[in-house]
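Q: final05.csv (CSV, C-alpha atoms and all ligand atoms) pasted underneath:
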```csv
chain,number,residue,atom,x,y,z
X,1426,MET,CA,1.3,-126.2,-67.0
X,1427,LYS,CA,-0.8,-123.5,-68.7
X,1428,VAL,CA,-4.1,-124.5,-70.3
X,1429,SER,CA,-6.1,-122.0,-72.3
X,1430,TYR,CA,-9.4,-121.9,-74.2
X,1431,HIS,CA,-9.8,-120.4,-77.6
X,1432,GLY,CA,-13.4,-120.6,-78.6
X,1433,HIS,CA,-15.5,-123.6,-79.8
X,1434,SER,CA,-13.5,-126.7,-78.8
X,1435,VAL,CA,-10.0,-125.2,-79.2
X,1436,VAL,CA,-7.7,-125.8,-76.2
X,1437,LYS,CA,-4.0,-125.1,-75.9
X,1438,ILE,CA,-1.8,-126.8,-73.4
X,1439,GLU,CA,1.7,-125.5,-72.6
X,1440,THR,CA,3.8,-127.8,-70.6
X,1441,ASN,CA,7.4,-127.0,-69.6
X,1442,GLU,CA,8.6,-128.3,-72.9
X,1443,LYS,CA,5.8,-128.6,-75.4
X,1444,VAL,CA,2.9,-126.8,-76.9
X,1445,ILE,CA,-0.2,-129.0,-77.6
X,1446,LEU,CA,-3.3,-127.8,-79.5
X,1447,ILE,CA,-6.6,-129.7,-79.3
X,1448,ASP,CA,-9.1,-129.4,-82.2
X,1449,PRO,CA,-7.5,-126.2,-83.8
X,1450,PHE,CA,-10.6,-124.8,-85.6
X,1451,ILE,CA,-9.4,-121.3,-86.1
X,1452,THR,CA,-10.2,-120.1,-89.7
X,1453,GLY,CA,-13.9,-119.5,-89.8
X,1454,ASN,CA,-14.2,-119.6,-86.0
X,1455,GLU,CA,-15.5,-116.2,-85.0
X,1456,LEU,CA,-15.1,-116.8,-81.3
X,1457,THR,CA,-11.4,-117.5,-81.4
X,1458,ASP,CA,-8.5,-115.2,-80.5
X,1459,LEU,CA,-5.9,-117.2,-82.4
X,1460,LYS,CA,-4.5,-116.8,-85.9
X,1461,ALA,CA,-3.7,-120.1,-87.7
X,1462,GLU,CA,-0.6,-118.6,-89.3
X,1463,GLU,CA,0.9,-117.8,-85.8
X,1464,GLU,CA,0.4,-121.2,-84.2
X,1465,ASN,CA,3.4,-123.4,-84.1
X,1466,PRO,CA,2.5,-126.3,-81.8
X,1467,ASP,CA,4.6,-129.4,-81.3
X,1468,VAL,CA,1.5,-131.6,-81.2
X,1469,ILE,CA,-2.1,-131.5,-82.4
X,1470,LEU,CA,-4.6,-133.8,-80.8
X,1471,LEU,CA,-7.9,-134.4,-82.7
X,1472,THR,CA,-11.0,-135.7,-81.0
X,1473,HIS,CA,-12.8,-136.5,-84.3
X,1474,GLY,CA,-12.9,-135.6,-88.0
X,1475,HIS,CA,-15.6,-133.0,-88.3
X,1476,ASN,CA,-14.4,-129.8,-90.0
X,1477,ASP,CA,-15.1,-127.7,-86.9
X,1478,HIS,CA,-12.5,-129.7,-85.0
X,1479,VAL,CA,-9.9,-130.6,-87.7
X,1480,GLY,CA,-10.0,-127.0,-88.7
X,1481,ASP,CA,-6.5,-125.7,-89.6
X,1482,THR,CA,-4.7,-128.9,-88.7
X,1483,VAL,CA,-3.3,-129.6,-92.1
X,1484,GLU,CA,-1.9,-126.1,-92.7
X,1485,ILE,CA,-0.5,-125.8,-89.2
X,1486,ALA,CA,1.1,-129.3,-89.2
X,1487,LYS,CA,2.6,-128.8,-92.7
X,1488,ARG,CA,4.2,-125.5,-91.6
X,1489,SER,CA,5.2,-126.4,-88.0
X,1490,GLY,CA,5.9,-130.1,-88.5
X,1491,ALA,CA,3.6,-130.8,-85.6
X,1492,LEU,CA,2.8,-134.5,-84.7
X,1493,VAL,CA,-0.9,-135.1,-85.3
X,1494,VAL,CA,-2.5,-137.7,-82.9
X,1495,ALA,CA,-5.9,-139.0,-83.8
X,1496,VAL,CA,-8.0,-142.2,-84.2
X,1497,ALA,CA,-6.4,-144.4,-86.8
X,1498,GLU,CA,-8.7,-143.6,-89.8
X,1499,LEU,CA,-8.5,-139.9,-89.2
X,1500,ALA,CA,-4.7,-140.1,-88.7
X,1501,THR,CA,-4.5,-141.9,-92.1
X,1502,TYR,CA,-6.7,-139.3,-93.7
X,1503,MET,CA,-4.6,-136.5,-92.3
X,1504,GLY,CA,-1.6,-138.2,-93.9
X,1505,PHE,CA,-3.5,-138.3,-97.3
X,1506,ARG,CA,-4.0,-134.6,-97.0
X,1507,GLY,CA,-0.3,-134.0,-96.6
X,1508,VAL,CA,0.5,-134.2,-92.8
X,1509,GLU,CA,3.8,-136.1,-92.6
X,1510,ASN,CA,3.9,-136.8,-88.9
X,1511,VAL,CA,0.9,-138.7,-87.6
X,1512,HIS,CA,0.3,-141.2,-84.7
X,1513,PRO,CA,-2.8,-143.4,-85.1
X,1514,MET,CA,-4.6,-144.6,-82.0
X,1515,SER,CA,-8.0,-146.1,-81.2
X,1516,ILE,CA,-10.7,-145.8,-78.5
X,1517,GLY,CA,-9.6,-147.2,-75.1
X,1518,GLY,CA,-5.9,-147.1,-76.1
X,1519,ALA,CA,-3.3,-145.0,-74.3
X,1520,TYR,CA,0.2,-144.1,-75.3
X,1521,GLU,CA,3.0,-142.5,-73.4
X,1522,PHE,CA,4.5,-139.8,-75.6
X,1523,ASP,CA,7.5,-137.6,-74.7
X,1524,PHE,CA,5.0,-134.7,-74.2
X,1525,GLY,CA,2.6,-136.7,-72.0
X,1526,ARG,CA,0.1,-139.6,-72.0
X,1527,VAL,CA,-2.8,-139.6,-74.3
X,1528,LYS,CA,-5.8,-142.0,-73.9
X,1529,PHE,CA,-8.8,-142.0,-76.2
X,1530,THR,CA,-12.2,-142.4,-74.6
X,1531,GLN,CA,-15.4,-143.1,-76.4
X,1532,ALA,CA,-17.8,-140.3,-77.5
X,1533,PHE,CA,-21.3,-140.8,-78.8
X,1534,HIS,CA,-21.2,-138.6,-82.0
X,1535,GLY,CA,-20.2,-138.9,-85.6
X,1536,SER,CA,-16.7,-138.6,-87.2
X,1537,SER,CA,-16.3,-137.6,-90.8
X,1538,PHE,CA,-14.6,-134.9,-92.9
X,1539,THR,CA,-16.6,-133.0,-95.4
X,1540,GLU,CA,-14.7,-132.3,-98.6
X,1541,GLU,CA,-16.7,-129.2,-99.8
X,1542,GLU,CA,-14.7,-129.1,-103.1
X,1543,ASN,CA,-15.8,-132.7,-104.0
X,1544,LYS,CA,-19.2,-132.6,-102.3
X,1545,ARG,CA,-18.0,-135.7,-100.5
X,1546,ILE,CA,-18.1,-136.9,-96.9
X,1547,VAL,CA,-15.2,-139.1,-95.8
X,1548,TYR,CA,-15.8,-141.2,-92.7
X,1549,THR,CA,-12.9,-141.0,-90.2
X,1550,GLY,CA,-13.5,-143.8,-87.7
X,1551,MET,CA,-14.9,-143.5,-84.2
X,1552,PRO,CA,-15.2,-140.1,-82.5
X,1553,GLY,CA,-13.4,-139.8,-79.2
X,1554,GLY,CA,-12.7,-137.8,-76.1
X,1555,ILE,CA,-9.1,-137.3,-74.9
X,1556,LEU,CA,-7.6,-137.9,-71.5
X,1557,PHE,CA,-4.3,-136.1,-71.4
X,1558,THR,CA,-1.8,-136.4,-68.5
X,1559,ALA,CA,1.4,-134.5,-68.1
X,1560,GLU,CA,3.3,-133.1,-65.1
X,1561,GLY,CA,1.0,-135.0,-62.7
X,1562,LYS,CA,-2.2,-133.3,-64.0
X,1563,THR,CA,-5.0,-134.8,-66.1
X,1564,ILE,CA,-7.2,-133.0,-68.5
X,1565,TYR,CA,-10.3,-134.5,-70.1
X,1566,HIS,CA,-11.4,-133.0,-73.4
X,1567,LEU,CA,-14.8,-134.7,-74.1
X,1568,GLY,CA,-14.8,-133.8,-77.8
X,1569,ASP,CA,-18.3,-133.8,-79.2
X,1570,THR,CA,-20.5,-136.2,-77.4
X,1571,ALA,CA,-23.9,-137.1,-76.0
X,1572,LEU,CA,-24.1,-138.0,-72.3
X,1573,PHE,CA,-23.1,-141.7,-71.7
X,1574,SER,CA,-23.0,-143.6,-68.5
X,1575,ASP,CA,-19.4,-144.7,-68.8
X,1576,MET,CA,-18.5,-141.2,-67.9
X,1577,LYS,CA,-19.1,-142.4,-64.3
X,1578,LEU,CA,-16.3,-145.0,-64.8
X,1579,ILE,CA,-14.0,-142.4,-66.4
X,1580,GLY,CA,-14.5,-140.2,-63.4
X,1581,GLU,CA,-14.1,-143.1,-61.0
X,1582,TYR,CA,-10.8,-144.4,-62.5
X,1583,ASN,CA,-9.1,-141.1,-63.3
X,1584,ASP,CA,-8.2,-138.2,-61.1
X,1585,ILE,CA,-9.3,-135.4,-63.4
X,1586,ASP,CA,-8.1,-131.9,-62.7
X,1587,LEU,CA,-9.8,-130.1,-65.6
X,1588,ALA,CA,-12.6,-131.1,-68.0
X,1589,PHE,CA,-13.7,-129.4,-71.1
X,1590,VAL,CA,-17.4,-130.2,-71.6
X,1591,PRO,CA,-19.6,-129.4,-74.6
X,1592,ILE,CA,-22.9,-127.7,-73.7
X,1593,GLY,CA,-24.2,-126.4,-77.0
X,1594,ASP,CA,-27.0,-128.9,-77.5
X,1595,ASN,CA,-28.2,-129.9,-81.0
X,1596,PHE,CA,-24.9,-131.6,-82.0
X,1597,THR,CA,-23.8,-132.5,-78.5
X,1598,MET,CA,-25.0,-132.6,-74.9
X,1599,GLY,CA,-27.0,-129.6,-73.9
X,1600,PRO,CA,-26.7,-127.9,-70.5
X,1601,GLU,CA,-28.9,-130.3,-68.6
X,1602,ASP,CA,-27.0,-133.4,-69.8
X,1603,ALA,CA,-23.7,-131.6,-69.4
X,1604,LYS,CA,-24.5,-130.9,-65.8
X,1605,ILE,CA,-24.9,-134.6,-65.2
X,1606,ALA,CA,-21.7,-135.3,-67.1
X,1607,VAL,CA,-19.9,-132.8,-64.8
X,1608,GLU,CA,-21.2,-134.6,-61.7
X,1609,TRP,CA,-20.2,-138.1,-63.0
X,1610,ILE,CA,-16.7,-137.0,-64.2
X,1611,GLY,CA,-16.0,-135.3,-61.0
X,1612,ALA,CA,-13.2,-133.0,-62.3
X,1613,THR,CA,-11.9,-130.4,-59.9
X,1614,THR,CA,-12.9,-127.8,-62.5
X,1615,SER,CA,-15.1,-128.1,-65.6
X,1616,VAL,CA,-15.1,-125.6,-68.4
X,1617,PRO,CA,-18.0,-125.3,-70.9
X,1618,ILE,CA,-17.1,-125.5,-74.6
X,1619,HIS,CA,-18.8,-125.9,-78.1
X,1620,TYR,CA,-21.4,-123.2,-77.7
X,1621,ASN,CA,-22.4,-119.9,-79.5
X,1622,THR,CA,-20.2,-120.6,-82.5
X,1623,PHE,CA,-23.2,-121.3,-84.7
X,1624,PRO,CA,-26.9,-120.4,-84.3
X,1625,PRO,CA,-28.1,-123.9,-83.4
X,1626,ILE,CA,-25.7,-124.1,-80.4
X,1627,LYS,CA,-26.5,-120.8,-78.8
X,1628,GLN,CA,-26.3,-121.1,-75.0
X,1629,ASN,CA,-25.8,-118.9,-72.0
X,1630,PRO,CA,-22.7,-120.4,-70.3
X,1631,LYS,CA,-23.2,-118.4,-67.1
X,1632,VAL,CA,-26.6,-120.2,-66.6
X,1633,PHE,CA,-24.8,-123.5,-67.0
X,1634,ILE,CA,-22.0,-122.6,-64.5
X,1635,ASP,CA,-24.6,-121.4,-62.0
X,1636,SER,CA,-26.4,-124.8,-62.3
X,1637,LEU,CA,-23.3,-126.6,-61.1
X,1638,SER,CA,-22.2,-127.1,-57.5
X,1639,ASP,CA,-20.3,-124.2,-56.1
X,1640,GLY,CA,-16.8,-123.8,-57.6
X,1641,LYS,CA,-17.1,-126.8,-60.0
X,1642,GLY,CA,-17.5,-124.8,-63.1
X,1643,LYS,CA,-15.4,-122.1,-64.6
X,1644,LEU,CA,-16.2,-119.9,-67.6
X,1645,LEU,CA,-13.2,-119.2,-69.8
X,1646,GLU,CA,-13.4,-116.5,-72.5
X,1647,ALA,CA,-11.2,-117.0,-75.6
X,1648,GLY,CA,-7.6,-116.5,-74.6
X,1649,GLN,CA,-8.1,-117.1,-70.8
X,1650,VAL,CA,-5.7,-119.4,-69.0
X,1651,ILE,CA,-5.9,-121.8,-66.2
X,1652,GLU,CA,-2.7,-122.7,-64.4
X,1653,LEU,CA,-2.5,-126.3,-63.3
X,1701,NI,NI,-18.5,-133.0,-84.3
X,1702,MN,MN,-18.3,-130.0,-83.3
```
Could you rewrite the structure in this file as structure tokens?
A:
Amino acid sequence: MKVSYHGHSVVKIETNEKVILIDPFITGNELTDLKAEEENPDVILLTHGHNDHVGDTVEIAKRSGALVVAVAELATYMGFRGVENVHPMSIGGAYEFDFGRVKFTQAFHGSSFTEEENKRIVYTGMPGGILFTAEGKTIYHLGDTALFSDMKLIGEYNDIDLAFVPIGDNFTMGPEDAKIAVEWIGATTSVPIHYNTFPPIKQNPKVFIDSLSDGKGKLLEAGQVIEL
């Protein structure tokens, strides 16, 4: 399968049969190479409800008919905003879809959608990370999270090929905690995400990669692909 990074927390997975987008924050994301109107995924996976993760989900799903998979409250809220095809899940649950297996892990963070037009915050359940398995490969997208010690268990009980790890600090782990997360998760390759999009999360990802054991980290520029 092909896995590509598109700035902030946007990841695209292309299996033999399906295209899956994770956290498609495209409009307003100055670091992405994607255009929301050109994306036609089969599936959108959401780690949590923050606007910099839900992003263009509603527009893309309405146009493409993509299935949106999210924690139950967020899935319901996506339905209220006009997404027809949603699949609700919860932390700790896994489901075998025709495009692969999705399991939601915990994340220590918030989860809400800000309705700017109403000056209202709608809470959208628990934030999560996503373990995605297809074609014999497992990808762990951590979402937005602080460091938590159950990452050791996630690493122990899953054979993770590729992890997407937030390093931006301020809203999530910073580079020091992310280095510990990478060690605990033990993925073959870890890719830093969620940095440099906004001033409070400015980081030098090369310094982070250099802090890891040799060959453990890989820097992906927007649009770059890893073949699994
Ligand atoms: Ni967030
Ligand atoms: Mn975020």
Q: Would you kindly return, as a ChimeraX atom specification, each protein, DNA or RNA residue with an atom no farther than 10 Å from any atom of stretch 1618-1634 of chain X, considering only C-alpha atoms and excluding same-chain residues fewer than 2 positions away?
A: /X:1430-1436,1453-1457,1477,1566-1569,1588-1601,1603-1604,1615-1616,1636-1646
Q: Can you pull out the residues contacting X:Gly1504? Cut-off 12 Å, using only C-alpha atoms, and skip same-chain residues under 3 positions away; I want them as an mmCIF file with C-alpha atoms, in the coordinates of the input.
A:
```cif
data_model
loop_
_atom_site.group_PDB
_atom_site.id
_atom_site.type_symbol
_atom_site.label_atom_id
_atom_site.label_comp_id
_atom_site.auth_asym_id
_atom_site.auth_seq_id
_atom_site.Cartn_x
_atom_site.Cartn_y
_atom_site.Cartn_z
ATOM 1 C CA THR X 1482 -4.700 -128.900 -88.700
ATOM 2 C CA VAL X 1483 -3.300 -129.600 -92.100
ATOM 3 C CA ALA X 1486 1.100 -129.300 -89.200
ATOM 4 C CA LYS X 1487 2.600 -128.800 -92.700
ATOM 5 C CA LEU X 1492 2.800 -134.500 -84.700
ATOM 6 C CA VAL X 1493 -0.900 -135.100 -85.300
ATOM 7 C CA VAL X 1494 -2.500 -137.700 -82.900
ATOM 8 C CA ALA X 1495 -5.900 -139.000 -83.800
ATOM 9 C CA ALA X 1497 -6.400 -144.400 -86.800
ATOM 10 C CA GLU X 1498 -8.700 -143.600 -89.800
ATOM 11 C CA LEU X 1499 -8.500 -139.900 -89.200
ATOM 12 C CA ALA X 1500 -4.700 -140.100 -88.700
ATOM 13 C CA THR X 1501 -4.500 -141.900 -92.100
ATOM 14 C CA GLY X 1507 -0.300 -134.000 -96.600
ATOM 15 C CA VAL X 1508 0.500 -134.200 -92.800
ATOM 16 C CA GLU X 1509 3.800 -136.100 -92.600
ATOM 17 C CA ASN X 1510 3.900 -136.800 -88.900
ATOM 18 C CA VAL X 1511 0.900 -138.700 -87.600
ATOM 19 C CA HIS X 1512 0.300 -141.200 -84.700
ATOM 20 C CA PRO X 1513 -2.800 -143.400 -85.100
#
```
Q: Could you tell me which of X:Ala1571, X:Met1503, X:Met1426, X:Ile1651 comes closest to ligand NI 1701 (chain X) if we count all atoms listed in the file?
A: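 So, comparing all the options, the nearest one is X:Ala1571.
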Q: Counting only C-alpha atoms and all ligand atoms, what residues are within 9 Å of ligand NI 1701 (chain X), given as a list in words?
A: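 Written in the requested form, the residues are Thr1472, His1473, Gly1474, His1475, Asn1476, Asp1477, His1478, His1534, Gly1535, Ser1536, Ser1537, Pro1552, Gly1568, Asp1569, Thr1570, Phe1596 and Thr1597 of chain X.
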Q: Of the residues X:Gly1611, X:Pro1466, X:Gly1480, X:Gly1554, which is the one nearest to X:Ile1451, using all atoms listed in the file?
A: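 Of X:Gly1611, X:Pro1466, X:Gly1480, X:Gly1554, the one nearest X:Ile1451 is X:Gly1480, counting all atoms listed in the file.
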Q: What gap, in Å, lies between atom CA of X:Thr1558 and atom CA of X:Gly1525?
A: 5.6 Å
Q: Listed atoms of stretch 1535-1544 of chain X, axis-aligned box, 6 Å per side: centre and edge lengths to one decimal in Å, as lines of an AutoDock Vina configuration file?
A:
```
center_x = -17.4
center_y = -134.0
center_z = -94.8
size_x = 17.6
size_y = 21.8
size_z = 30.4
```
Q: Select, from X:Glu1608, X:Asp1458, X:Pro1449, X:Tyr1520, the residue with the minimum atom-to-atom distance to ligand MN 1702 (chain X), counting only C-alpha atoms and all ligand atoms.
A: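 Ranking X:Glu1608, X:Asp1458, X:Pro1449, X:Tyr1520 by distance to ligand MN 1702 (chain X), first place goes to X:Pro1449.
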Q: From the set X:Val1496, X:Ile1564, X:Val1479, X:Ala1559, which residue has the shortest atom-to-atom contact distance to ligand MN 1702 (chain X), counting only C-alpha atoms and all ligand atoms?
A: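 Smallest separation from ligand MN 1702 (chain X) among the options: X:Val1479.
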Q: Find, counting all atoms listed in the file, the residue in X:Glu1462, X:Glu1581, X:Asp1602, X:Glu1652 that gets nearest to X:Asp1481.
A: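 The closest residue to X:Asp1481 is X:Glu1462.
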Q: From the list X:Leu1471, X:Val1428, X:Val1444, X:Leu1578, which residue is nearest ligand MN 1702 (chain X) when using only C-alpha atoms and all ligand atoms?
A: X:Leu1471
Q: What's the 9 Å shell around X:Ala1519, counting only C-alpha atoms, without same-chain residues fewer than 6 positions away, as a ChimeraX atom specification?
A: /X:1526-1529,1556
Q: If we count only C-alpha atoms and set the cut-off at 10 Å, which residues sit around X:Ser1574, ignoring sequence neighbours fewer than 2 positions away in its own chain? Please answer as a list in words.
A: Ala1571, Leu1572, Met1576, Lys1577, Leu1578, Ile1579, Ile1605, Ala1606 and Trp1609 of chain X
Q: What is the atom CA of X:Thr1614 to atom CA of X:Leu1653 distance in Å?
A: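 Computing the Euclidean distance for atom CA of X:Thr1614 and atom CA of X:Leu1653 yields 10.5 Å.
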Q: In Å to one decimal, how far is atom CA of X:Lys1460 from atom CA of X:Ile1485?
A: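 Separating atom CA of X:Ile1485 from atom CA of X:Lys1460 is a distance of 10.4 Å.
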